[in-house]
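Participant: I have a structure here, written as structure tokens, and I will follow up with some questions on it.
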Amino acid sequence: MRYRVLGGTGIQVSTHCLGTMMFGAVGNPDHDDCVRIVHAALDQGVNFVDTADMYSAGESEVIVGKALRGRRDDVVLATKVHFPMGEGPNRGGNSRRWIVREVEESLRRLGTEWIDLYQVHRPDHTTDVEETLGVLTDLVRAGKVRAFGCSTFPAEEIVEAHHVAERRALGRFRTEQPPYSILARGIETAVLPVCQRYGMGVLVWSPLASGFLSGRYRQGRTVDLTAGRPALTPARFDPALPGNAAKYAAVEQLVALADEVGCTLPELAVAFAVAHPGVTSAIIGPRTMEQLDGLLKGASLTLDDAMLDRIDEIVPPGTNLYQPDGAWSSPVLTDPARRRRPLADRAAA
């Protein structure tokens, strides 16, 4: 396993990061099995583990804490904060009030005294970014957090956060965690260049396009929309929907390309993600030991320029063939009231 510097932090992390979203009730409820998966990843050179407070309502952090007992010093541990953790209007978001409380809960669940990378899981437009940067800076000074970053932020908000940090002499986001795959290359347009401009580390999520690049879903085959990932987002996998035709067609071309290379489609997908110069590490999120072994098997795969050119022909750079689940959507696009004048004020004369 190769290691890369995480932004300007000086921290060396593996090019594969073990994601644990599938640990717990949402994915694999067997704690002992999940612990074995973590240990197997560490034994094969992975030293970067990513989780979040909201994964299985905190259960994922508990499992990760169990797995890292006795091995904590050798692991770069990342977790996230933002999404609601219970009832009540102030049990989520990016406010000082919530972050100060929730970091303590994450430390307790993880069984550790510090978090190497604490990430703001999504933007929060009810909270001034100065408020968020201020509390994160205080956590670093208190020794509870080593570095902090953001996740799924648009390029313009990353820029704004850096400007605020400079003006107010606050710590800055050292990393960004965006969605990135062969089928969702939108971050190549602005997010990755901005991160490179500010020297940020980038750990990308969903390199398998939420399972679409797992090789299980193919053109012309029946898809069970009542089980697995298709049950969660059937509109993404239903081959009868016109919007999915381009994805299925791209998958077929990518399968043929993987056969030429002599690898599996998941191996091709992860190798593509870590080939971009702006990407530090790709998050792999296995639910089973078999899935982990399959993904790590392709860790040494190198895609040459000819192969990357072929991928560019199938899915052009900067193109999204689908909108990743949980990806940030601008309120100026999703809220009609933000892009429509009052009816009486719309006419030009």
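How things are named: the first chain in the structure tokens is A, the next is B, and so on; residues count from 1 in each chain; ligands count from 1 in the order shown.
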Can you pull out every residue within 10 Å of A:Pro84, counting only C-alpha atoms, but drop anything in the same chain fewer than 2 positions away, and send it as a list in words?
Facilitator: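 Here the qualifying residues turn out to be Asp53, Met54, Ala57, Val81, His82, Gly86, Glu87, Gly88, Pro89, Asn90, Arg91, Gly92, Gly93 and Trp98 of chain A.
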Participant: So that I can see what lies close to stretch 169-176 of chain A, please list as an MDAnalysis selection string the residues with an atom at most 9 Å from it, counting only C-alpha atoms and leaving out residues fewer than 6 positions away in the same chain.
Facilitator: chainID A and resid 6:9 117 119 130 133:134 136:138 140 147:153 158 161:162 191 195 198:204
Participant: Within 10 Å of A:Thr233, counting only C-alpha atoms, which residues show up once you throw out same-chain ones fewer than 6 positions away? Write them as a PyMOL selection string, please.
Facilitator: chain A and resi 210+225-226+325
Participant: Could you please take those selected residues and save N, CA, C and O atoms as a compact mmCIF listing (two decimals), in the first residue's frame?
Facilitator:
```
# COMPACT_ATOMS: atom_id res chain seq x y z
N SER A 210 -21.97 4.12 -5.66
CA SER A 210 -23.02 3.53 -4.80
C SER A 210 -23.43 2.14 -5.27
O SER A 210 -24.60 1.76 -5.19
N LEU A 225 -35.29 -4.79 -7.51
CA LEU A 225 -35.39 -3.47 -6.90
C LEU A 225 -35.89 -3.50 -5.46
O LEU A 225 -36.11 -2.45 -4.86
N THR A 226 -36.04 -4.69 -4.91
CA THR A 226 -36.55 -4.82 -3.54
C THR A 226 -35.47 -5.21 -2.55
O THR A 226 -35.75 -5.38 -1.36
N ASP A 325 -26.03 10.03 -4.34
CA ASP A 325 -26.89 10.16 -3.16
C ASP A 325 -26.18 11.00 -2.11
O ASP A 325 -25.01 10.78 -1.80
```
Participant: Would you mind listing what lies within 12 Å of A:Ile314 as a list of chain:residue names, with only C-alpha atoms counted and same-chain residues fewer than 5 positions away left out?
Facilitator: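 The residues satisfying every condition are A:Ile182, A:Leu183, A:Arg185, A:Ala246, A:Lys247, A:Tyr248, A:Ala249, A:Ala250, A:Val251, A:Glu252, A:Gln253, A:Leu254, A:Val255, A:Ala256, A:Leu257, A:Met307, A:Leu308, A:Asp309, A:Thr319, A:Asn320, A:Leu321.
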Participant: Please dump the current selection as a PDB file, in the first residue's frame; keep N, CA and C atoms.
Facilitator:
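Output below, filename again-v7.pdb:
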```pdb
ATOM      1  N   ILE A 182     -16.134   7.108 -11.861  1.00  0.00           N
ATOM      2  CA  ILE A 182     -16.139   7.220 -13.323  1.00  0.00           C
ATOM      3  C   ILE A 182     -17.474   7.755 -13.814  1.00  0.00           C
ATOM      4  N   LEU A 183     -18.551   7.414 -13.121  1.00  0.00           N
ATOM      5  CA  LEU A 183     -19.882   7.845 -13.543  1.00  0.00           C
ATOM      6  C   LEU A 183     -20.276   9.211 -12.979  1.00  0.00           C
ATOM      7  N   ARG A 185     -18.162  12.507 -12.376  1.00  0.00           N
ATOM      8  CA  ARG A 185     -16.879  13.199 -12.467  1.00  0.00           C
ATOM      9  C   ARG A 185     -17.031  14.715 -12.325  1.00  0.00           C
ATOM     10  N   ALA A 246     -27.966   5.675 -20.087  1.00  0.00           N
ATOM     11  CA  ALA A 246     -26.563   6.062 -20.310  1.00  0.00           C
ATOM     12  C   ALA A 246     -25.643   5.380 -19.302  1.00  0.00           C
ATOM     13  N   LYS A 247     -26.114   5.216 -18.058  1.00  0.00           N
ATOM     14  CA  LYS A 247     -25.287   4.568 -17.038  1.00  0.00           C
ATOM     15  C   LYS A 247     -25.051   3.099 -17.380  1.00  0.00           C
ATOM     16  N   TYR A 248     -26.136   2.408 -17.752  1.00  0.00           N
ATOM     17  CA  TYR A 248     -25.990   0.997 -18.097  1.00  0.00           C
ATOM     18  C   TYR A 248     -25.115   0.824 -19.330  1.00  0.00           C
ATOM     19  N   ALA A 249     -25.246   1.712 -20.299  1.00  0.00           N
ATOM     20  CA  ALA A 249     -24.414   1.628 -21.497  1.00  0.00           C
ATOM     21  C   ALA A 249     -22.945   1.854 -21.150  1.00  0.00           C
ATOM     22  N   ALA A 250     -22.684   2.830 -20.260  1.00  0.00           N
ATOM     23  CA  ALA A 250     -21.310   3.098 -19.844  1.00  0.00           C
ATOM     24  C   ALA A 250     -20.729   1.915 -19.089  1.00  0.00           C
ATOM     25  N   VAL A 251     -21.524   1.290 -18.229  1.00  0.00           N
ATOM     26  CA  VAL A 251     -21.051   0.140 -17.475  1.00  0.00           C
ATOM     27  C   VAL A 251     -20.608  -0.976 -18.418  1.00  0.00           C
ATOM     28  N   GLU A 252     -21.374  -1.240 -19.467  1.00  0.00           N
ATOM     29  CA  GLU A 252     -21.002  -2.293 -20.409  1.00  0.00           C
ATOM     30  C   GLU A 252     -19.656  -2.002 -21.067  1.00  0.00           C
ATOM     31  N   GLN A 253     -19.440  -0.750 -21.443  1.00  0.00           N
ATOM     32  CA  GLN A 253     -18.155  -0.381 -22.046  1.00  0.00           C
ATOM     33  C   GLN A 253     -17.021  -0.490 -21.035  1.00  0.00           C
ATOM     34  N   LEU A 254     -17.299  -0.146 -19.778  1.00  0.00           N
ATOM     35  CA  LEU A 254     -16.278  -0.228 -18.746  1.00  0.00           C
ATOM     36  C   LEU A 254     -15.951  -1.675 -18.397  1.00  0.00           C
ATOM     37  N   VAL A 255     -16.951  -2.552 -18.424  1.00  0.00           N
ATOM     38  CA  VAL A 255     -16.707  -3.976 -18.191  1.00  0.00           C
ATOM     39  C   VAL A 255     -15.784  -4.524 -19.270  1.00  0.00           C
ATOM     40  N   ALA A 256     -16.034  -4.146 -20.516  1.00  0.00           N
ATOM     41  CA  ALA A 256     -15.176  -4.597 -21.619  1.00  0.00           C
ATOM     42  C   ALA A 256     -13.751  -4.075 -21.444  1.00  0.00           C
ATOM     43  N   LEU A 257     -13.623  -2.837 -20.992  1.00  0.00           N
ATOM     44  CA  LEU A 257     -12.302  -2.261 -20.770  1.00  0.00           C
ATOM     45  C   LEU A 257     -11.579  -2.972 -19.636  1.00  0.00           C
ATOM     46  N   MET A 307      -5.406   3.861 -21.183  1.00  0.00           N
ATOM     47  CA  MET A 307      -6.609   3.389 -20.501  1.00  0.00           C
ATOM     48  C   MET A 307      -7.441   4.560 -19.991  1.00  0.00           C
ATOM     49  N   LEU A 308      -6.783   5.565 -19.454  1.00  0.00           N
ATOM     50  CA  LEU A 308      -7.519   6.734 -18.967  1.00  0.00           C
ATOM     51  C   LEU A 308      -8.161   7.499 -20.121  1.00  0.00           C
ATOM     52  N   ASP A 309      -7.506   7.510 -21.268  1.00  0.00           N
ATOM     53  CA  ASP A 309      -8.107   8.128 -22.461  1.00  0.00           C
ATOM     54  C   ASP A 309      -9.371   7.385 -22.867  1.00  0.00           C
ATOM     55  N   THR A 319     -18.066  15.182 -16.235  1.00  0.00           N
ATOM     56  CA  THR A 319     -19.450  14.791 -16.526  1.00  0.00           C
ATOM     57  C   THR A 319     -20.036  13.931 -15.412  1.00  0.00           C
ATOM     58  N   ASN A 320     -21.253  14.218 -15.027  1.00  0.00           N
ATOM     59  CA  ASN A 320     -22.007  13.370 -14.100  1.00  0.00           C
ATOM     60  C   ASN A 320     -23.090  12.638 -14.876  1.00  0.00           C
ATOM     61  N   LEU A 321     -23.027  11.310 -14.854  1.00  0.00           N
ATOM     62  CA  LEU A 321     -24.122  10.538 -15.448  1.00  0.00           C
ATOM     63  C   LEU A 321     -25.242  10.306 -14.448  1.00  0.00           C
TER      64      LEU A 321
END
```
Participant: Give me the residues within 12 Å of A:Gly65 as a ChimeraX atom specification, counting only C-alpha atoms and dropping any in the same chain fewer than 5 places off.
Facilitator: /A:20,23,31,34-35,38-39,49-51,58-60,70-72,75,77-79,106-115
Participant: Using only C-alpha atoms, which residues of stretch 256-289 of chain A come within 9 Å of stretch 296-304 of chain A, and what is the closest atom pair for each, with the distance in Å to one decimal? Give it as CSV, sorted by chain and residue number.
Facilitator:
```
residue,atom,partner,partner_atom,distance
A:Val261,CA,A:Leu303,CA,8.5
A:Cys263,CA,A:Gly298,CA,7.4
A:Thr264,CA,A:Gly298,CA,8.2
A:Pro266,CA,A:Gly298,CA,8.4
A:Glu267,CA,A:Gly298,CA,5.0
A:Leu268,CA,A:Gly298,CA,7.8
A:Val270,CA,A:Gly298,CA,8.1
A:Ala271,CA,A:Leu301,CA,6.3
A:Phe272,CA,A:Leu303,CA,7.1
A:Ala275,CA,A:Leu303,CA,7.5
A:Ile284,CA,A:Leu296,CA,9.0
```
Participant: Please write the residues from the selection above to a file, keeping C-alpha atoms, as a PDB file, in the first residue's frame.
Facilitator:
```pdb
ATOM      1  CA  VAL A 261      -6.871  -4.695 -18.589  1.00  0.00           C
ATOM      2  CA  CYS A 263      -9.058  -6.692 -13.729  1.00  0.00           C
ATOM      3  CA  THR A 264     -12.533  -6.504 -12.262  1.00  0.00           C
ATOM      4  CA  PRO A 266     -14.510  -2.474  -9.034  1.00  0.00           C
ATOM      5  CA  GLU A 267     -10.720  -2.621  -9.303  1.00  0.00           C
ATOM      6  CA  LEU A 268     -10.850  -0.436 -12.412  1.00  0.00           C
ATOM      7  CA  VAL A 270     -10.999   2.513  -7.588  1.00  0.00           C
ATOM      8  CA  ALA A 271      -7.792   2.704  -9.645  1.00  0.00           C
ATOM      9  CA  PHE A 272      -9.386   5.472 -11.702  1.00  0.00           C
ATOM     10  CA  ALA A 275      -5.116   8.266 -10.501  1.00  0.00           C
ATOM     11  CA  ILE A 284     -13.647   1.797   0.050  1.00  0.00           C
TER      12      ILE A 284
END
```
Participant: Just list as JSON, numbers by chain whatever in stretch 100-130 of chain A DSSP marks as alpha helix (DSSP H).
Facilitator: {"A": [100, 101, 102, 103, 104, 105, 106, 107, 108, 109, 110, 129, 130]}
Participant: Restricting the calculation to only C-alpha atoms, which member of A:Pro316, A:Gly243, A:Gly211, A:Pro336 is positioned closest to A:Arg229?
Facilitator: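 Nearest candidate to A:Arg229 out of A:Pro316, A:Gly243, A:Gly211, A:Pro336: A:Gly211.
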Participant: Measure the distance from atom CA of A:Arg236 to atom CA of A:Ala209 in Å and round it to one decimal.
Facilitator: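 These atoms are spaced 10.4 Å apart.
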